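First up is the structure itself, then whatever we jot down about it.
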Amino acid sequence: MPEPADDAPGQGLEKRLEDVVSTIQEFAELHFDARAPIGPDGDIVDAVAAGVNFLGEELDASFREIERRVADRTAELAIATQDLARRALHDELTGLLNRPALWEHVTHRLALADRRQAGLAVLFLDLDDFKLVNDTLGHAAGDRLLVEVASRLADALRAGDTIARVGGDEFLLLLDEVATPEAAMVVAERLGEALQAPYELGGDSRTVTASIGVAIGPESFGTADAIIAAADSAMYEAKRRGRGLSVLYREELSGLQP
Amino acid sequence: MDHDSGTFSHVKFRMWLRPDGIVHLVWAARVAIVVEDAVAAIEAMAQLTGGRQSPLLVDVHEQGPMDRPARTEFTRRGDLVSAVALIVGTPLSRLMGNFFLSVSKPVAPTRLFDDEASALAWLQEFVG
């Protein structure tokens with residue numbers, strides 16, 4: 001039987017329909033930019049091809065819209081996650097690190113002790129008579145005072161040192177590198193002095209002092225809990241002695257509490 | 001625009017304002033319409049009507065395919081038309097008209113017609 005001629009009407013129709021089917025197959029593979037050729041006749045096959053193309057355009061637009069929304073949500077989620085991580089490690093009021101974050105820093109620093117020649121120091125700082133500010137000027141003024149104290153302490157620290165707010169008016173500082181206990185005490189004195197300039201609180205000028213306990217490591221202190229507890233005990237000894245004082249931890253202060 | 005005849009001529013369409021206030025648009029036969037053509041047609045209509053909402057008669061019976069951005073542009077500038085009558089002829093133009101109605105969802109009342117007389121009669125209701 002002879003082969004039909006290339007331009008036989010049946011074969012032309014078959015070819016046009018094959019083009020449409022190929023386009024549908026492209027869509028199945030998520031290639032929504034595929035388009036079926038549309039002839040000049042505007043006949044029923046052209047209508048089918050145009051219909052398939054329309055579907056492709058709509059699928060393409062929907063797909064891009066979904067991709068855009070996914071990208072938007074992903075970006076929002078990343079920002080929220082970042083914010084959550086920041087909140088998990090920072091004090092909301094002052095923006096300083098919080099207690100868990102400082103503990104982590106101290107633990108990390110102690111772990112490096114074998115590889116570092118210089119020692120470290122933990123300073124436990126508690127404002128004197130902070131309750132009086134809250135009681136007389138209100139909590140908003142108390143909050144402003146804490147923010148200002150945080151700022152002054154942060155400004156007074158050296159690069160590499162770390163500061164955290166760990167309670168109402170309690171701050172912990174990690175001095176990353178101290179040559180001697182005396183050097184740590186010099187830093188403590190400097191921090192105490194930085195806090196002594198008057199604070200403007202709601203039209204009222206107040207002066208504030210802080211009691212500071214200093215513990216030197218890594219000797220005697222294998223954990224963050226131990227060295228921070230030592231600094232805490234020294235701070236209570238400073239409170240016991242008066243206002244605006246710094247005390248270096250000694251063995252006999254162990255376990256000292258108010 | 002040819003000011004003597006009041007006809008706007010474009011390589012892909014002709015458009016004019018009829019005495020009864022209906023704008024008549026005829027697309028060239030068998031050419032693909034893209035967004036630039038849609039923008040040109042919309043600008044031509046705004047020029048002819050001075051931006052006033054008017055009924056639009058569109059002869060698409062020999063029209064080629066119109067892509068999505070072009071359809072979207074016509075839908076977006078629906079504020080220029082009070083109603084649209086599409087005269088369809090070939091299966092292709094009928095499908096495109098139906099697709100425009102069902103997918104692009106024009107804001108102005110839009111209907112398909114097989115003949116010009118019926119389309120004009122319907123559009124008279126929307127002459128301002």
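Note on naming: chains are A, B, ... as they come in the structure tokens, residues start from 1 per chain, ligands start from 1 in the order shown.
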Please produce, as a Markdown table, a per-residue contact table for range 51-145 of chain A versus range 73-97 of chain B (criterion: any atom at most 12 Å away, only C-alpha atoms considered), showing the nearest atom pair and its distance in Å to one decimal, sorted by chain then residue number.
| residue | atom | partner | partner_atom | distance |
| --- | --- | --- | --- | --- |
| A:Gly51 | CA | B:Leu95 | CA | 6.9 |
| A:Val52 | CA | B:Leu95 | CA | 10.7 |
| A:Asn53 | CA | B:Met96 | CA | 10.7 |
| A:Phe54 | CA | B:Met96 | CA | 8.6 |
| A:Leu55 | CA | B:Met96 | CA | 11.5 |
Contact residues (chain A, partner chain B, 9 Å, only C-alpha atoms) as a PDB file with C-alpha atoms, in the first residue's frame:
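Writing the result to part-v1.pdb gives the following:
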ATOM      1  CA  ILE A  38      -1.635  28.096  16.632  1.00  0.00           C
ATOM      2  CA  GLY A  39      -2.287  28.141  12.900  1.00  0.00           C
ATOM      3  CA  PRO A  40      -3.846  30.923  10.853  1.00  0.00           C
ATOM      4  CA  ASP A  41      -7.197  29.213  10.332  1.00  0.00           C
ATOM      5  CA  GLY A  42      -8.650  29.675  13.779  1.00  0.00           C
ATOM      6  CA  ASP A  43     -10.314  26.277  13.416  1.00  0.00           C
ATOM      7  CA  ILE A  44     -11.205  23.807  16.146  1.00  0.00           C
ATOM      8  CA  VAL A  45      -7.620  22.484  16.443  1.00  0.00           C
ATOM      9  CA  ASP A  46      -6.346  26.063  16.827  1.00  0.00           C
ATOM     10  CA  ALA A  47      -9.011  26.577  19.480  1.00  0.00           C
ATOM     11  CA  VAL A  48      -7.811  23.470  21.342  1.00  0.00           C
ATOM     12  CA  ALA A  49      -4.194  24.647  21.027  1.00  0.00           C
ATOM     13  CA  ALA A  50      -5.130  28.122  22.284  1.00  0.00           C
ATOM     14  CA  GLY A  51      -7.082  26.583  25.164  1.00  0.00           C
ATOM     15  CA  ASN A  53      -1.864  27.553  25.899  1.00  0.00           C
ATOM     16  CA  PHE A  54      -4.265  29.510  28.092  1.00  0.00           C
ATOM     17  CA  GLU A  57      -0.313  30.619  31.031  1.00  0.00           C
ATOM     18  CA  GLU A  58      -2.625  30.323  34.028  1.00  0.00           C
ATOM     19  CA  ALA A  61       1.100  32.446  36.682  1.00  0.00           C
TER      20      ALA A  61
END
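The shortest atom-to-atom distance to Val133 in chain A, with only C-alpha atoms taken into account, belongs to A:Val208 out of A:Ala159, A:Val20, A:Ala75, A:Val208.
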Per DSSP on the backbone, filter range 28-229 of chain A down to the residues in alpha helix (DSSP H) and report them as a VMD selection string. chain A and resid 28 44 to 89 99 to 111 130 to 137 139 to 156 181 to 196 224 to 229
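Across the structure, CA of Ala229 in chain A and CA of Ile163 in chain A are spaced 16.3 Å apart.
CA of His31 in chain A to CA of Leu77 in chain A spans 28.7 Å [interatomic distance, one decimal].
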Close residues, range 111-113 of chain A itself excluded, 10 Å, only C-alpha atoms, min 6 positions apart in chain, as a PDB file with N, CA and C atoms, in the first residue's frame:
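result_20.pdb, written as the output of this step:
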ATOM      1  N   HIS A 105      28.869  31.527  77.568  1.00  0.00           N
ATOM      2  CA  HIS A 105      30.160  32.196  77.315  1.00  0.00           C
ATOM      3  C   HIS A 105      31.202  31.775  78.362  1.00  0.00           C
ATOM      4  N   GLY A 119      44.434  34.376  82.579  1.00  0.00           N
ATOM      5  CA  GLY A 119      43.271  33.915  83.301  1.00  0.00           C
ATOM      6  C   GLY A 119      42.027  34.683  82.879  1.00  0.00           C
ATOM      7  N   LEU A 120      40.913  34.369  83.557  1.00  0.00           N
ATOM      8  CA  LEU A 120      39.665  35.083  83.287  1.00  0.00           C
ATOM      9  C   LEU A 120      39.095  35.560  84.610  1.00  0.00           C
ATOM     10  N   GLY A 217      39.545  33.053  87.570  1.00  0.00           N
ATOM     11  CA  GLY A 217      39.681  31.651  87.150  1.00  0.00           C
ATOM     12  C   GLY A 217      40.856  31.499  86.215  1.00  0.00           C
ATOM     13  N   PRO A 218      41.087  30.318  85.756  1.00  0.00           N
ATOM     14  CA  PRO A 218      40.225  29.154  85.946  1.00  0.00           C
ATOM     15  C   PRO A 218      40.519  28.339  87.206  1.00  0.00           C
ATOM     16  N   GLU A 219      41.657  28.612  87.883  1.00  0.00           N
ATOM     17  CA  GLU A 219      41.996  27.794  89.049  1.00  0.00           C
ATOM     18  C   GLU A 219      40.833  27.746  90.044  1.00  0.00           C
ATOM     19  N   GLY A 222      35.936  24.876  88.100  1.00  0.00           N
ATOM     20  CA  GLY A 222      35.852  24.058  86.876  1.00  0.00           C
ATOM     21  C   GLY A 222      34.611  24.332  86.067  1.00  0.00           C
ATOM     22  N   THR A 223      33.630  24.967  86.686  1.00  0.00           N
ATOM     23  CA  THR A 223      32.363  25.167  85.961  1.00  0.00           C
ATOM     24  C   THR A 223      31.912  26.621  86.053  1.00  0.00           C
ATOM     25  N   ALA A 224      31.015  26.955  85.158  1.00  0.00           N
ATOM     26  CA  ALA A 224      30.443  28.308  85.177  1.00  0.00           C
ATOM     27  C   ALA A 224      29.691  28.535  86.483  1.00  0.00           C
TER      28      ALA A 224
END
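Nearest to Ala121 in chain B of all the residues B:Leu57, B:Leu25, B:Leu48, B:Ala40 is B:Leu57, based on only C-alpha atoms.
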Find the residues near Leu123 in chain B: any atom within 12 Å, counting only C-alpha atoms, skip ones fewer than 5 places away on the same chain, and give them as a list in words. Asp20, Gly21, Ile22, Val23, His24, Ser54, Pro55, Leu56, Leu57, Val58, Val81, Ser82, Ala83, Val84, Ala85, Leu86, Ala108, Pro109, Thr110, Arg111, Leu112, Phe113, Glu116, Ala117, Ser118 and Gly128 of chain B
Would you save the residues of that selection, restricted to N, CA and C atoms, as an mmCIF file, in the first residue's frame?
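Heads up, here's the output in selection.cif:
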data_model
loop_
_atom_site.group_PDB
_atom_site.id
_atom_site.type_symbol
_atom_site.label_atom_id
_atom_site.label_comp_id
_atom_site.auth_asym_id
_atom_site.auth_seq_id
_atom_site.Cartn_x
_atom_site.Cartn_y
_atom_site.Cartn_z
ATOM 1 N N ASP B 20 -23.381 56.760 17.813
ATOM 2 C CA ASP B 20 -24.255 56.407 18.948
ATOM 3 C C ASP B 20 -23.492 56.311 20.273
ATOM 4 N N GLY B 21 -22.193 56.657 20.267
ATOM 5 C CA GLY B 21 -21.415 56.661 21.512
ATOM 6 C C GLY B 21 -20.719 55.350 21.824
ATOM 7 N N ILE B 22 -20.858 54.386 20.906
ATOM 8 C CA ILE B 22 -20.193 53.093 21.124
ATOM 9 C C ILE B 22 -18.833 53.113 20.429
ATOM 10 N N VAL B 23 -17.819 52.624 21.129
ATOM 11 C CA VAL B 23 -16.484 52.526 20.524
ATOM 12 C C VAL B 23 -16.377 51.173 19.819
ATOM 13 N N HIS B 24 -15.900 51.219 18.601
ATOM 14 C CA HIS B 24 -15.811 49.986 17.809
ATOM 15 C C HIS B 24 -14.334 49.637 17.602
ATOM 16 N N SER B 54 -17.373 54.134 28.354
ATOM 17 C CA SER B 54 -18.197 53.961 27.155
ATOM 18 C C SER B 54 -18.339 52.477 26.846
ATOM 19 N N PRO B 55 -19.414 52.124 26.143
ATOM 20 C CA PRO B 55 -19.539 50.730 25.713
ATOM 21 C C PRO B 55 -18.566 50.441 24.568
ATOM 22 N N LEU B 56 -18.112 49.207 24.525
ATOM 23 C CA LEU B 56 -17.081 48.825 23.544
ATOM 24 C C LEU B 56 -17.527 47.595 22.761
ATOM 25 N N LEU B 57 -17.506 47.740 21.451
ATOM 26 C CA LEU B 57 -17.810 46.608 20.566
ATOM 27 C C LEU B 57 -16.479 46.119 20.010
ATOM 28 N N VAL B 58 -16.186 44.845 20.236
ATOM 29 C CA VAL B 58 -14.896 44.307 19.791
ATOM 30 C C VAL B 58 -15.136 43.182 18.798
ATOM 31 N N VAL B 81 -14.485 51.129 30.341
ATOM 32 C CA VAL B 81 -15.628 50.609 29.595
ATOM 33 C C VAL B 81 -16.843 50.433 30.497
ATOM 34 N N SER B 82 -18.028 50.710 29.932
ATOM 35 C CA SER B 82 -19.261 50.460 30.689
ATOM 36 C C SER B 82 -19.794 49.063 30.370
ATOM 37 N N ALA B 83 -19.453 48.540 29.204
ATOM 38 C CA ALA B 83 -19.835 47.169 28.826
ATOM 39 C C ALA B 83 -19.005 46.775 27.605
ATOM 40 N N VAL B 84 -18.829 45.481 27.415
ATOM 41 C CA VAL B 84 -18.041 45.004 26.272
ATOM 42 C C VAL B 84 -18.815 43.898 25.570
ATOM 43 N N ALA B 85 -18.974 44.062 24.266
ATOM 44 C CA ALA B 85 -19.578 43.001 23.461
ATOM 45 C C ALA B 85 -18.509 42.453 22.532
ATOM 46 N N LEU B 86 -18.306 41.142 22.574
ATOM 47 C CA LEU B 86 -17.286 40.506 21.739
ATOM 48 C C LEU B 86 -17.994 39.733 20.624
ATOM 49 N N ALA B 108 -16.522 44.979 33.990
ATOM 50 C CA ALA B 108 -17.674 45.505 33.245
ATOM 51 C C ALA B 108 -18.480 44.341 32.659
ATOM 52 N N PRO B 109 -19.793 44.537 32.493
ATOM 53 C CA PRO B 109 -20.598 43.480 31.855
ATOM 54 C C PRO B 109 -20.005 43.129 30.487
ATOM 55 N N THR B 110 -19.818 41.852 30.237
ATOM 56 C CA THR B 110 -19.182 41.409 28.990
ATOM 57 C C THR B 110 -19.943 40.202 28.451
ATOM 58 N N ARG B 111 -20.258 40.248 27.136
ATOM 59 C CA ARG B 111 -20.974 39.113 26.543
ATOM 60 C C ARG B 111 -20.422 38.794 25.171
ATOM 61 N N LEU B 112 -20.629 37.547 24.749
ATOM 62 C CA LEU B 112 -20.207 37.120 23.407
ATOM 63 C C LEU B 112 -21.426 37.152 22.487
ATOM 64 N N PHE B 113 -21.177 37.555 21.249
ATOM 65 C CA PHE B 113 -22.252 37.583 20.241
ATOM 66 C C PHE B 113 -21.742 36.983 18.940
ATOM 67 N N GLU B 116 -23.117 41.337 14.722
ATOM 68 C CA GLU B 116 -22.901 42.714 15.150
ATOM 69 C C GLU B 116 -24.198 43.391 15.605
ATOM 70 N N ALA B 117 -25.304 43.091 14.900
ATOM 71 C CA ALA B 117 -26.575 43.767 15.219
ATOM 72 C C ALA B 117 -27.010 43.471 16.651
ATOM 73 N N SER B 118 -26.929 42.210 17.039
ATOM 74 C CA SER B 118 -27.333 41.842 18.412
ATOM 75 C C SER B 118 -26.412 42.502 19.426
ATOM 76 N N GLY B 128 -23.870 56.137 27.899
ATOM 77 C CA GLY B 128 -24.077 57.064 29.015
ATOM 78 C C GLY B 128 -24.867 58.299 28.654
#
Got a sec: who's within 12 Å of Asp169 in chain A, counting only C-alpha atoms, leaving out chain neighbours fewer than 4 positions off, as a list in words? Leu93, Thr94, Phe124, Leu125, Asp126, Leu127, Asp128, Asp129, Phe130, Lys131, Leu132, Val133, Asn134, Gly142, Asp143, Arg144, Leu145, Leu146, Val147, Glu148, Val149, Ala150, Ala164, Arg165, Val208, Thr209, Ala210 and Ser211 of chain A
Residue selection dump (C-alpha atoms) as an mmCIF file, in the first residue's frame:
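Printed below is part.cif as written:
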data_model
loop_
_atom_site.group_PDB
_atom_site.id
_atom_site.type_symbol
_atom_site.label_atom_id
_atom_site.label_comp_id
_atom_site.auth_asym_id
_atom_site.auth_seq_id
_atom_site.Cartn_x
_atom_site.Cartn_y
_atom_site.Cartn_z
ATOM 1 C CA LEU A 93 14.961 45.645 78.330
ATOM 2 C CA THR A 94 18.656 46.405 77.892
ATOM 3 C CA PHE A 124 28.947 39.992 89.716
ATOM 4 C CA LEU A 125 27.507 43.507 89.897
ATOM 5 C CA ASP A 126 24.426 44.488 91.863
ATOM 6 C CA LEU A 127 23.108 48.053 92.079
ATOM 7 C CA ASP A 128 22.851 49.498 95.582
ATOM 8 C CA ASP A 129 19.400 50.697 96.649
ATOM 9 C CA PHE A 130 17.822 50.065 93.268
ATOM 10 C CA LYS A 131 14.563 49.253 95.048
ATOM 11 C CA LEU A 132 14.533 52.815 96.358
ATOM 12 C CA VAL A 133 14.530 54.188 92.795
ATOM 13 C CA ASN A 134 11.650 51.914 91.841
ATOM 14 C CA GLY A 142 13.815 52.128 87.253
ATOM 15 C CA ASP A 143 13.818 50.652 83.753
ATOM 16 C CA ARG A 144 15.457 53.791 82.316
ATOM 17 C CA LEU A 145 18.124 53.554 85.006
ATOM 18 C CA LEU A 146 18.840 49.909 84.121
ATOM 19 C CA VAL A 147 19.146 50.777 80.431
ATOM 20 C CA GLU A 148 21.565 53.619 81.213
ATOM 21 C CA VAL A 149 23.605 51.413 83.568
ATOM 22 C CA ALA A 150 23.794 48.713 80.884
ATOM 23 C CA ALA A 164 24.834 40.220 80.622
ATOM 24 C CA ARG A 165 21.849 41.274 82.688
ATOM 25 C CA VAL A 208 23.794 55.197 91.961
ATOM 26 C CA THR A 209 26.510 52.893 93.194
ATOM 27 C CA ALA A 210 27.045 49.212 92.678
ATOM 28 C CA SER A 211 28.547 46.399 94.731
#
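Across the model, the gap from CA of Arg152 in chain A to CA of Asp225 in chain A is 26.1 Å.
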Leu97 in chain A: which residues within 10 Å, counting only C-alpha atoms, same-chain residues fewer than 3 positions away excluded, as a count of residues only? 20
